[in-house]
>>> print(open('target05.pdb').read())   # PDB, C-alpha atoms and all ligand atoms
ATOM      1  CA  MET A1065      -6.159   7.287   5.626
ATOM      2  CA  PRO A1066      -9.800   8.293   6.307
ATOM      3  CA  PRO A1067     -12.407   5.563   6.951
ATOM      4  CA  THR A1068     -13.976   4.070   3.827
ATOM      5  CA  PRO A1069     -17.695   3.564   4.389
ATOM      6  CA  GLY A1070     -18.593   2.987   0.732
ATOM      7  CA  THR A1071     -16.827   1.387  -2.200
ATOM      8  CA  LEU A1072     -15.693   3.244  -5.279
ATOM      9  CA  ILE A1073     -16.285   0.957  -8.248
ATOM     10  CA  THR A1074     -14.390   1.865 -11.389
ATOM     11  CA  VAL A1075     -15.215   0.160 -14.654
ATOM     12  CA  ALA A1076     -12.477  -0.288 -17.248
ATOM     13  CA  PRO A1077     -14.625  -1.465 -20.147
ATOM     14  CA  THR A1078     -12.296  -1.754 -23.133
ATOM     15  CA  GLY A1079      -8.509  -1.481 -22.680
ATOM     16  CA  ALA A1080      -6.035  -1.457 -25.532
ATOM     17  CA  GLU A1081      -5.040  -5.095 -25.754
ATOM     18  CA  LEU A1082      -8.052  -7.073 -26.973
ATOM     19  CA  ASP A1083      -9.156  -7.265 -30.600
ATOM     20  CA  LYS A1084     -12.786  -6.580 -31.390
ATOM     21  CA  ALA A1085     -12.625  -9.482 -33.871
ATOM     22  CA  ASP A1086     -11.798 -11.860 -31.007
ATOM     23  CA  VAL A1087     -14.184 -10.309 -28.476
ATOM     24  CA  PRO A1088     -17.113  -8.778 -30.400
ATOM     25  CA  GLN A1089     -18.891  -7.795 -27.164
ATOM     26  CA  LEU A1090     -15.982  -5.445 -26.266
ATOM     27  CA  PRO A1091     -17.357  -1.882 -26.367
ATOM     28  CA  THR A1092     -15.291   0.000 -28.949
ATOM     29  CA  THR A1093     -17.614   2.448 -30.694
ATOM     30  CA  LEU A1094     -18.845   5.643 -29.053
ATOM     31  CA  GLU A1095     -22.401   4.302 -29.012
ATOM     32  CA  GLU A1096     -21.255   1.094 -27.327
ATOM     33  CA  LEU A1097     -19.205   3.041 -24.791
ATOM     34  CA  VAL A1098     -22.105   5.302 -23.861
ATOM     35  CA  GLU A1099     -24.479   2.335 -23.556
ATOM     36  CA  THR A1100     -21.905   0.505 -21.431
ATOM     37  CA  ALA A1101     -21.289   3.512 -19.220
ATOM     38  CA  LYS A1102     -24.991   4.028 -18.554
ATOM     39  CA  ALA A1103     -25.561   0.355 -17.779
ATOM     40  CA  CYS A1104     -22.542   0.233 -15.460
ATOM     41  CA  GLU A1105     -23.542   3.406 -13.642
ATOM     42  CA  ALA A1106     -27.010   1.936 -13.099
ATOM     43  CA  VAL A1107     -25.538  -1.061 -11.249
ATOM     44  CA  GLY A1108     -22.908   0.727  -9.149
ATOM     45  CA  ALA A1109     -19.975   2.131 -11.123
ATOM     46  CA  ALA A1110     -18.932   5.676 -10.196
ATOM     47  CA  MET A1111     -15.856   6.100 -12.420
ATOM     48  CA  ILE A1112     -14.967   4.909 -15.918
ATOM     49  CA  HIS A1113     -11.380   4.283 -17.078
ATOM     50  CA  LEU A1114     -11.355   4.798 -20.815
ATOM     51  CA  HIS A1115      -9.237   3.593 -23.696
ATOM     52  CA  ILE A1116     -10.642   4.820 -26.985
ATOM     53  CA  ARG A1117     -10.779   2.945 -30.309
ATOM     54  CA  ASP A1118     -10.904   4.356 -33.844
ATOM     55  CA  ALA A1119     -13.336   3.514 -36.651
ATOM     56  CA  GLU A1120     -11.436   0.266 -37.257
ATOM     57  CA  HIS A1121     -11.681  -0.575 -33.521
ATOM     58  CA  ARG A1122      -7.933  -0.030 -33.051
ATOM     59  CA  PRO A1123      -6.602   1.835 -29.971
ATOM     60  CA  THR A1124      -6.179   5.526 -30.677
ATOM     61  CA  LEU A1125      -5.013   8.653 -28.840
ATOM     62  CA  ASP A1126      -6.460  10.921 -31.526
ATOM     63  CA  HIS A1127      -7.765  14.098 -29.901
ATOM     64  CA  GLY A1128     -11.045  14.076 -31.832
ATOM     65  CA  TYR A1129     -11.979  10.605 -30.647
ATOM     66  CA  LEU A1130     -10.904  11.295 -27.062
ATOM     67  CA  SER A1131     -12.730  14.566 -26.667
ATOM     68  CA  ALA A1132     -15.891  13.194 -28.312
ATOM     69  CA  ALA A1133     -15.919  10.355 -25.784
ATOM     70  CA  VAL A1134     -15.300  12.639 -22.798
ATOM     71  CA  GLU A1135     -18.052  14.984 -23.946
ATOM     72  CA  ALA A1136     -20.589  12.219 -24.598
ATOM     73  CA  LEU A1137     -19.975  10.479 -21.292
ATOM     74  CA  ARG A1138     -20.107  13.746 -19.385
ATOM     75  CA  GLU A1139     -23.407  14.624 -21.021
ATOM     76  CA  GLN A1140     -25.074  11.250 -20.711
ATOM     77  CA  THR A1141     -23.779   9.947 -17.388
ATOM     78  CA  SER A1142     -22.556  11.414 -14.117
ATOM     79  CA  LEU A1143     -19.577   9.053 -13.945
ATOM     80  CA  VAL A1144     -16.138  10.428 -13.159
ATOM     81  CA  VAL A1145     -14.433  10.274 -16.555
ATOM     82  CA  GLN A1146     -10.869   9.021 -16.464
ATOM     83  CA  LEU A1147      -8.791   8.786 -19.640
ATOM     84  CA  SER A1148      -5.918   6.343 -19.883
ATOM     85  CA  THR A1149      -2.550   7.946 -20.502
ATOM     86  CA  GLY A1150      -1.065   4.453 -20.696
ATOM     87  CA  GLY A1151      -2.657   3.853 -24.062
ATOM     88  CA  SER A1152      -1.206   0.809 -25.748
ATOM     89  CA  VAL A1153       2.394  -0.386 -25.393
ATOM     90  CA  HIS A1154       2.999   0.976 -28.913
ATOM     91  CA  ASP A1155       1.988   4.593 -28.190
ATOM     92  CA  PRO A1156       4.825   7.149 -28.099
ATOM     93  CA  LEU A1157       5.345   9.007 -24.808
ATOM     94  CA  GLU A1158       4.827  12.475 -26.365
ATOM     95  CA  GLN A1159       1.448  11.430 -27.715
ATOM     96  CA  ARG A1160       0.419   9.978 -24.371
ATOM     97  CA  LEU A1161       0.916  13.432 -22.811
ATOM     98  CA  THR A1162      -1.630  14.918 -25.252
ATOM     99  CA  VAL A1163      -4.433  12.914 -23.612
ATOM    100  CA  LEU A1164      -4.820  15.803 -21.145
ATOM    101  CA  ASP A1165      -5.955  18.053 -24.010
ATOM    102  CA  ALA A1166      -9.315  16.257 -23.890
ATOM    103  CA  GLU A1167      -9.864  17.650 -20.352
ATOM    104  CA  PRO A1168     -10.908  14.494 -18.515
ATOM    105  CA  ASP A1169     -11.806  14.622 -14.818
ATOM    106  CA  SER A1170      -9.028  12.164 -14.093
ATOM    107  CA  CYS A1171      -6.151  10.503 -15.910
ATOM    108  CA  SER A1172      -4.191   7.366 -15.217
ATOM    109  CA  LEU A1173      -0.516   7.834 -14.348
ATOM    110  CA  THR A1174       1.582   4.689 -14.125
ATOM    111  CA  CYS A1175       4.463   4.987 -11.675
ATOM    112  CA  GLY A1176       7.140   3.094 -13.556
ATOM    113  CA  THR A1177       8.112   0.918 -16.472
ATOM    114  CA  THR A1178       6.949  -2.669 -16.324
ATOM    115  CA  ASN A1179       7.247  -5.812 -18.387
ATOM    116  CA  PHE A1180       3.826  -6.365 -19.926
ATOM    117  CA  GLY A1181       3.531  -9.893 -21.253
ATOM    118  CA  ASP A1182       5.970 -10.042 -24.165
ATOM    119  CA  ASP A1183       6.069  -6.226 -24.370
ATOM    120  CA  VAL A1184       7.347  -3.358 -22.245
ATOM    121  CA  PHE A1185       5.019  -0.684 -20.868
ATOM    122  CA  LEU A1186       7.294   2.339 -20.749
ATOM    123  CA  ASN A1187       6.953   4.956 -17.996
ATOM    124  CA  PRO A1188      10.355   6.547 -17.344
ATOM    125  CA  TRP A1189      10.752   9.088 -14.543
ATOM    126  CA  GLY A1190      10.867  12.083 -16.914
ATOM    127  CA  PHE A1191       7.557  11.077 -18.500
ATOM    128  CA  MET A1192       5.901  10.487 -15.125
ATOM    129  CA  SER A1193       7.090  13.874 -13.877
ATOM    130  CA  ASP A1194       5.972  15.756 -16.989
ATOM    131  CA  LEU A1195       2.567  14.094 -16.946
ATOM    132  CA  TYR A1196       2.130  14.793 -13.234
ATOM    133  CA  VAL A1197       3.036  18.483 -13.485
ATOM    134  CA  GLN A1198       0.865  18.966 -16.569
ATOM    135  CA  ALA A1199      -2.060  17.272 -14.802
ATOM    136  CA  GLN A1200      -1.576  19.641 -11.842
ATOM    137  CA  GLU A1201      -1.549  22.664 -14.158
ATOM    138  CA  ARG A1202      -4.663  21.498 -16.015
ATOM    139  CA  GLU A1203      -6.536  20.564 -12.850
ATOM    140  CA  VAL A1204      -6.874  16.902 -13.828
ATOM    141  CA  VAL A1205      -6.706  14.420 -10.953
ATOM    142  CA  PRO A1206      -4.323  11.532 -11.579
ATOM    143  CA  GLU A1207      -5.023   7.992 -10.515
ATOM    144  CA  PHE A1208      -1.623   6.444  -9.823
ATOM    145  CA  GLU A1209      -1.391   2.987 -11.373
ATOM    146  CA  LEU A1210       0.918   0.695  -9.413
ATOM    147  CA  PHE A1211       1.918  -2.487 -11.234
ATOM    148  CA  ASP A1212       4.772  -3.345  -8.912
ATOM    149  CA  LEU A1213       6.139  -2.556  -5.444
ATOM    150  CA  GLY A1214       8.840  -0.326  -6.948
ATOM    151  CA  HIS A1215       6.037   1.820  -8.324
ATOM    152  CA  VAL A1216       4.941   2.600  -4.762
ATOM    153  CA  ALA A1217       8.409   4.003  -4.046
ATOM    154  CA  ALA A1218       8.302   5.995  -7.293
ATOM    155  CA  LEU A1219       4.939   7.459  -6.244
ATOM    156  CA  ALA A1220       6.483   8.638  -2.959
ATOM    157  CA  ARG A1221       9.323  10.243  -4.944
ATOM    158  CA  LEU A1222       6.834  11.980  -7.248
ATOM    159  CA  LEU A1223       4.869  13.423  -4.328
ATOM    160  CA  ASP A1224       8.065  14.527  -2.553
ATOM    161  CA  ARG A1225       9.291  16.250  -5.682
ATOM    162  CA  HIS A1226       6.105  17.907  -6.924
ATOM    163  CA  GLY A1227       3.643  18.076  -4.016
ATOM    164  CA  LEU A1228       0.005  16.995  -4.013
ATOM    165  CA  PRO A1229      -2.180  16.613  -7.109
ATOM    166  CA  PHE A1230      -4.935  19.045  -8.003
ATOM    167  CA  GLY A1231      -7.707  18.642  -5.430
ATOM    168  CA  GLY A1232      -5.345  17.485  -2.688
ATOM    169  CA  LYS A1233      -6.410  13.808  -2.737
ATOM    170  CA  VAL A1234      -4.109  10.937  -3.680
ATOM    171  CA  HIS A1235      -5.880   7.890  -5.106
ATOM    172  CA  VAL A1236      -3.938   4.873  -6.324
ATOM    173  CA  ASP A1237      -4.928   1.664  -8.100
ATOM    174  CA  PHE A1238      -2.909  -1.528  -7.724
ATOM    175  CA  VAL A1239      -2.960  -3.323 -11.070
ATOM    176  CA  THR A1240      -2.032  -6.877 -10.113
ATOM    177  CA  GLY A1241      -1.576 -10.016 -12.132
ATOM    178  CA  VAL A1242       0.001  -8.510 -15.262
ATOM    179  CA  PRO A1243       2.641 -10.972 -16.505
ATOM    180  CA  GLY A1244       5.778  -9.058 -15.485
ATOM    181  CA  GLY A1245       4.243  -7.071 -12.629
ATOM    182  CA  MET A1246       3.222  -7.888  -9.064
ATOM    183  CA  PRO A1247       1.177 -11.082  -8.773
ATOM    184  CA  GLY A1248      -2.554 -10.978  -8.162
ATOM    185  CA  THR A1249      -2.369 -12.302  -4.625
ATOM    186  CA  THR A1250      -3.515 -11.049  -1.250
ATOM    187  CA  ALA A1251       0.081 -11.154   0.018
ATOM    188  CA  ALA A1252       1.420  -8.956  -2.791
ATOM    189  CA  LEU A1253      -1.487  -6.530  -2.481
ATOM    190  CA  MET A1254      -1.027  -6.197   1.283
ATOM    191  CA  ALA A1255       2.714  -5.609   0.817
ATOM    192  CA  GLY A1256       1.869  -2.735  -1.522
ATOM    193  CA  VAL A1257      -0.740  -1.279   0.823
ATOM    194  CA  ALA A1258       1.746  -1.395   3.708
ATOM    195  CA  MET A1259       4.217   0.648   1.658
ATOM    196  CA  LEU A1260       1.819   3.428   0.631
ATOM    197  CA  PRO A1261       3.077   6.907   1.492
ATOM    198  CA  PRO A1262       1.056   8.849   4.086
ATOM    199  CA  GLU A1263      -0.308  11.273   1.470
ATOM    200  CA  VAL A1264      -2.444   8.488  -0.066
ATOM    201  CA  THR A1265      -6.113   9.067   0.775
ATOM    202  CA  SER A1266      -7.658   6.062  -1.001
ATOM    203  CA  TRP A1267      -6.649   2.973  -2.915
ATOM    204  CA  SER A1268      -8.276   0.449  -5.167
ATOM    205  CA  ALA A1269      -7.182  -2.823  -6.681
ATOM    206  CA  THR A1270      -7.544  -4.674  -9.928
ATOM    207  CA  GLY A1271      -6.792  -8.327 -10.519
ATOM    208  CA  ILE A1272      -6.056  -9.279 -14.105
ATOM    209  CA  GLY A1273      -7.695 -12.444 -15.421
ATOM    210  CA  ARG A1274      -8.398 -15.145 -12.891
ATOM    211  CA  SER A1275      -7.018 -13.025 -10.036
ATOM    212  CA  HIS A1276      -9.893 -10.545 -10.351
ATOM    213  CA  LEU A1277     -12.121 -12.138  -7.709
ATOM    214  CA  PRO A1278      -9.478 -12.942  -5.049
ATOM    215  CA  VAL A1279      -7.983  -9.473  -5.408
ATOM    216  CA  ALA A1280     -11.409  -7.829  -5.186
ATOM    217  CA  ALA A1281     -12.194  -9.782  -2.023
ATOM    218  CA  ALA A1282      -8.810  -8.905  -0.501
ATOM    219  CA  ALA A1283      -9.251  -5.228  -1.346
ATOM    220  CA  LEU A1284     -12.723  -5.069   0.170
ATOM    221  CA  SER A1285     -11.562  -6.761   3.343
ATOM    222  CA  ALA A1286      -8.720  -4.269   3.760
ATOM    223  CA  GLY A1287     -10.674  -1.061   3.118
ATOM    224  CA  GLY A1288      -9.778  -0.722  -0.558
ATOM    225  CA  HIS A1289     -11.906   0.128  -3.568
ATOM    226  CA  LEU A1290     -12.471  -1.887  -6.749
ATOM    227  CA  ARG A1291     -11.745  -1.704 -10.445
ATOM    228  CA  VAL A1292     -13.370  -4.262 -12.718
ATOM    229  CA  GLY A1293     -14.065  -4.524 -16.434
ATOM    230  CA  MET A1294     -13.214  -6.227 -19.704
ATOM    231  CA  GLU A1295      -9.878  -4.378 -19.943
ATOM    232  CA  ASP A1296      -8.763  -6.645 -17.107
ATOM    233  CA  ASN A1297     -10.864  -9.778 -17.407
ATOM    234  CA  VAL A1298     -13.194 -11.308 -19.987
ATOM    235  CA  VAL A1299     -14.105 -14.497 -18.116
ATOM    236  CA  TYR A1300     -17.046 -14.227 -15.733
ATOM    237  CA  ALA A1301     -16.665 -17.733 -14.339
ATOM    238  CA  ARG A1302     -14.959 -20.892 -15.514
ATOM    239  CA  GLY A1303     -16.080 -21.410 -19.129
ATOM    240  CA  VAL A1304     -18.428 -18.406 -19.043
ATOM    241  CA  PRO A1305     -17.344 -15.346 -21.018
ATOM    242  CA  VAL A1306     -18.257 -11.835 -19.924
ATOM    243  CA  GLU A1307     -21.047 -10.670 -22.222
ATOM    244  CA  HIS A1308     -21.289  -7.127 -20.851
ATOM    245  CA  ASN A1309     -19.166  -5.036 -18.513
ATOM    246  CA  SER A1310     -22.203  -4.411 -16.328
ATOM    247  CA  GLN A1311     -22.095  -8.069 -15.210
ATOM    248  CA  LEU A1312     -18.701  -7.441 -13.605
ATOM    249  CA  VAL A1313     -19.814  -4.169 -12.024
ATOM    250  CA  GLU A1314     -22.996  -5.748 -10.704
ATOM    251  CA  ARG A1315     -21.054  -8.589  -9.100
ATOM    252  CA  ALA A1316     -18.536  -6.151  -7.594
ATOM    253  CA  ALA A1317     -21.401  -4.072  -6.183
ATOM    254  CA  HIS A1318     -22.959  -7.200  -4.716
ATOM    255  CA  LEU A1319     -19.674  -8.202  -3.054
ATOM    256  CA  ALA A1320     -19.299  -4.682  -1.675
ATOM    257  CA  GLU A1321     -22.851  -4.730  -0.350
ATOM    258  CA  VAL A1322     -22.273  -8.068   1.382
ATOM    259  CA  MET A1323     -19.139  -6.585   2.943
ATOM    260  CA  GLN A1324     -21.241  -3.697   4.327
ATOM    261  CA  ARG A1325     -19.433  -1.225   2.078
ATOM    262  CA  PRO A1326     -21.984  -0.573  -0.663
ATOM    263  CA  ALA A1327     -21.083   1.019  -3.992
ATOM    264  CA  MET A1328     -20.665   4.768  -3.580
ATOM    265  CA  SER A1329     -22.526   7.374  -5.598
ATOM    266  CA  THR A1330     -20.830   9.428  -8.274
ATOM    267  CA  ASP A1331     -21.097  12.483  -5.991
ATOM    268  CA  ASP A1332     -19.283  10.645  -3.212
ATOM    269  CA  ALA A1333     -16.675   9.490  -5.720
ATOM    270  CA  ARG A1334     -16.098  13.081  -6.838
ATOM    271  CA  ALA A1335     -15.528  14.098  -3.215
ATOM    272  CA  LEU A1336     -13.282  11.093  -2.536
ATOM    273  CA  LEU A1337     -11.080  11.872  -5.535
ATOM    274  CA  GLY A1338     -11.206  15.663  -5.348
ATOM    275  CA  VAL A1339     -12.069  16.066  -9.036
ATOM    276  CA  LYS A1340     -13.052  19.399 -10.523
ATOM    277  CA  ASP A1341     -16.700  19.592 -11.561
ATOM    278  CA  ARG A1342     -16.581  20.142 -15.312
ATOM    279  CA  ARG A1343     -20.236  19.287 -15.912
ATOM    280  CA  THR A1344     -22.347  22.089 -17.332
ATOM    281  CA  PRO A1345     -25.079  22.978 -14.861
ATOM    282  CA  THR A1346     -28.606  22.117 -16.036
ATOM    283  CA  ALA A1347     -31.093  24.987 -16.013
TER
HETATM  284  N1  LIG A1401      -2.650  -0.727 -21.907
HETATM  285  C1  LIG A1401      -1.548  -0.805 -21.038
HETATM  286  C2  LIG A1401      -0.257  -0.846 -21.814
HETATM  287  C3  LIG A1401      -3.343   2.747 -18.255
HETATM  288  O1  LIG A1401      -4.455   2.683 -18.785
HETATM  289  O2  LIG A1401      -2.865   3.791 -17.852
HETATM  290  C4  LIG A1401      -1.491   0.312 -20.070
HETATM  291  C5  LIG A1401      -2.693   0.577 -19.271
HETATM  292  C6  LIG A1401      -2.512   1.507 -18.129
HETATM  293  O3  LIG A1401      -3.796   0.132 -19.542
HETATM  294 ZN    ZN A1402      -5.939   1.110 -18.887
END
>>> encode(input="target05.pdb", output="structure tokens", more="lines below")
Ligand code: KMH
Ligand code: ZN
Amino acid sequence: MPPTPGTLITVAPTGAELDKADVPQLPTTLEELVETAKACEAVGAAMIHLHIRDAEHRPTLDHGYLSAAVEALREQTSLVVQLSTGGSVHDPLEQRLTVLDAEPDSCSLTCGTTNFGDDVFLNPWGFMSDLYVQAQEREVVPEFELFDLGHVAALARLLDRHGLPFGGKVHVDFVTGVPGGMPGTTAALMAGVAMLPPEVTSWSATGIGRSHLPVAAAALSAGGHLRVGMEDNVVYARGVPVEHNSQLVERAAHLAEVMQRPAMSTDDARALLGVKDRRTPTA
């Protein structure tokens, strides 16, 4: 893996699990998403991982909503725009494939089925393969989501079978601390990192809930990048709710700065990930 002078900070502002009624500060409308994205970019985010909500604030994979969000964020920020293909645990596999129609820069691609609290997050091999090949054809760069050590082996199988992604870079994100997946501990994260196939060019880590800080610190110390946001954690500190995603990004950027690996620019993130530049040039 190449040296990692800066830190890619991804913000995952919304997710598909929380209800707006329970967490009113969760950004769910397009206006809230754009405001969030701008504020997070200003304090160090270089990529945004998006789950979109409908007019009733429910998770949706509707093409109109997805493409409106991609377009607005591309126009009003220079963040790398990543759409979730995981959606919610209730979304059918066929519909999850249609996310690519919105032409994001990047898409998530989870490398296996996992228990997800009381639910099951389904990612059978056939779905992973179809999504991977379609992403290659459409020149969308996948971010491989690894919820468990078995997912690392499935990633190696995917790369063996289908070759490198568009752009030639392989970026993975360890999603730790999901009830049913790998725990949010330094030991589990390091076991995953040790298993990464040689094609991997960069990795980041996410700790769900109270594991977000220890996992971020472990990732920074081991040359990894960071994902933070209200999709993963809505508690800033004991008894203190997150009021805005930018608080989490700002703290991540501060940690990265202290570790002498400051938050990277969106241009550096584009180079790191090998994404296609879909922005329209300004005159
Ligand atoms: N919402 C989870 C079921 C992804 O975005 O690709 C899946 C998830 C992963 O959040
Ligand atoms: Zn997600």
>>> resolve_selection(input="target05.pdb", expression="the PyMOL selection byres (((not hetatm)) within 8 of (chain A and resi 1402))", output="PyMOL selection string")
chain A and resi 1076+1079-1080+1113-1115+1148-1151+1172+1295
>>> atom_distance(input="target05.pdb", atom1="CA of Thr1071 in chain A", atom2="CA of Ala1110 in chain A")
9.3 Å
>>> resolve_selection(input="target05.pdb", expression="the PyMOL selection byres (((not hetatm)) within 10 of (chain A and resi 1401))", output="PyMOL selection string")
chain A and resi 1076+1078-1082+1113-1115+1123+1146-1155+1160+1171-1175+1178-1181+1183-1187+1207-1211+1239+1242+1295-1296
>>> residues_around(input="target05.pdb", residues="Val1204 in chain A", least_positions_apart="6", cutoff="8 Å", atoms="all atoms listed in the file", output="list in words")
Leu1164, Glu1167, Pro1168, Asp1169, Ser1170, Cys1171, Phe1230, Val1339 and Lys1340 of chain A
>>> closest_residue(input="target05.pdb", among="A:Leu1213, A:Val1197, A:Val1144, A:Val1313", to="Cys1104 in chain A", atoms="all atoms listed in the file")
A:Val1313
>>> residues_around(input="target05.pdb", residues="Tyr1129 in chain A", least_positions_apart="3", cutoff="10 Å", atoms="all atoms listed in the file", output="list of chain:residue names")
A:Thr1093, A:Leu1094, A:Ile1116, A:Arg1117, A:Asp1118, A:Ala1119, A:Thr1124, A:Leu1125, A:Asp1126, A:Ala1132, A:Ala1133, A:Val1134, A:Ala1166
>>> resolve_selection(input="target05.pdb", expression="the PyMOL selection byres (((chain A and resi 1107) around 8) and not hetatm)", output="JSON, numbers by chain")
{"A": [1103, 1104, 1105, 1106, 1108, 1109, 1310, 1313, 1314, 1317]}
>>> atom_distance(input="target05.pdb", atom1="CA of Met1294 in chain A", atom2="CA of Pro1278 in chain A")
16.5 Å
>>> closest_residue(input="target05.pdb", among="A:Asn1309, A:Thr1162, A:Pro1261, A:His1215", to="Glu1096 in chain A", atoms="all atoms listed in the file")
A:Asn1309
>>> atom_distance(input="target05.pdb", atom1="CA of Pro1077 in chain A", atom2="CA of Leu1222 in chain A")
28.4 Å
>>> closest_residue(input="target05.pdb", among="A:Trp1267, A:Tyr1196, A:Tyr1300, A:Phe1191", to="Phe1238 in chain A", atoms="only C-alpha atoms")
A:Trp1267
>>> axis_aligned_box(input="target05.pdb", around="range 1329-1337 of chain A", padding_each_side="3 Å", output="lines of an AutoDock Vina configuration file")
center_x = -16.8
center_y = 10.7
center_z = -5.4
size_x = 17.4
size_y = 12.7
size_z = 11.7
>>> closest_residue(input="target05.pdb", among="A:Gly1293, A:Pro1229, A:Met1259, A:Leu1143", to="Glu1307 in chain A", atoms="only C-alpha atoms")
A:Gly1293
>>> residues_near_point(input="target05.pdb", point="(-20.8, 3.2, -3.6)", cutoff="7 Å", atoms="only C-alpha atoms", output="ChimeraX atom specification")
/A:1070-1073,1108,1326-1329
>>> residues_around(input="target05.pdb", residues="Leu1253 in chain A", least_positions_apart="2", cutoff="12 Å", atoms="all atoms listed in the file", output="ChimeraX atom specification")
/A:1210-1213,1216,1237-1241,1245-1251,1255-1260,1267-1271,1275,1278-1286,1288
>>> residues_around(input="target05.pdb", residues="Glu1263 in chain A", least_positions_apart="5", cutoff="10 Å", atoms="all atoms listed in the file", output="PyMOL selection string")
chain A and resi 1065+1220+1223-1224+1227-1228+1232-1235
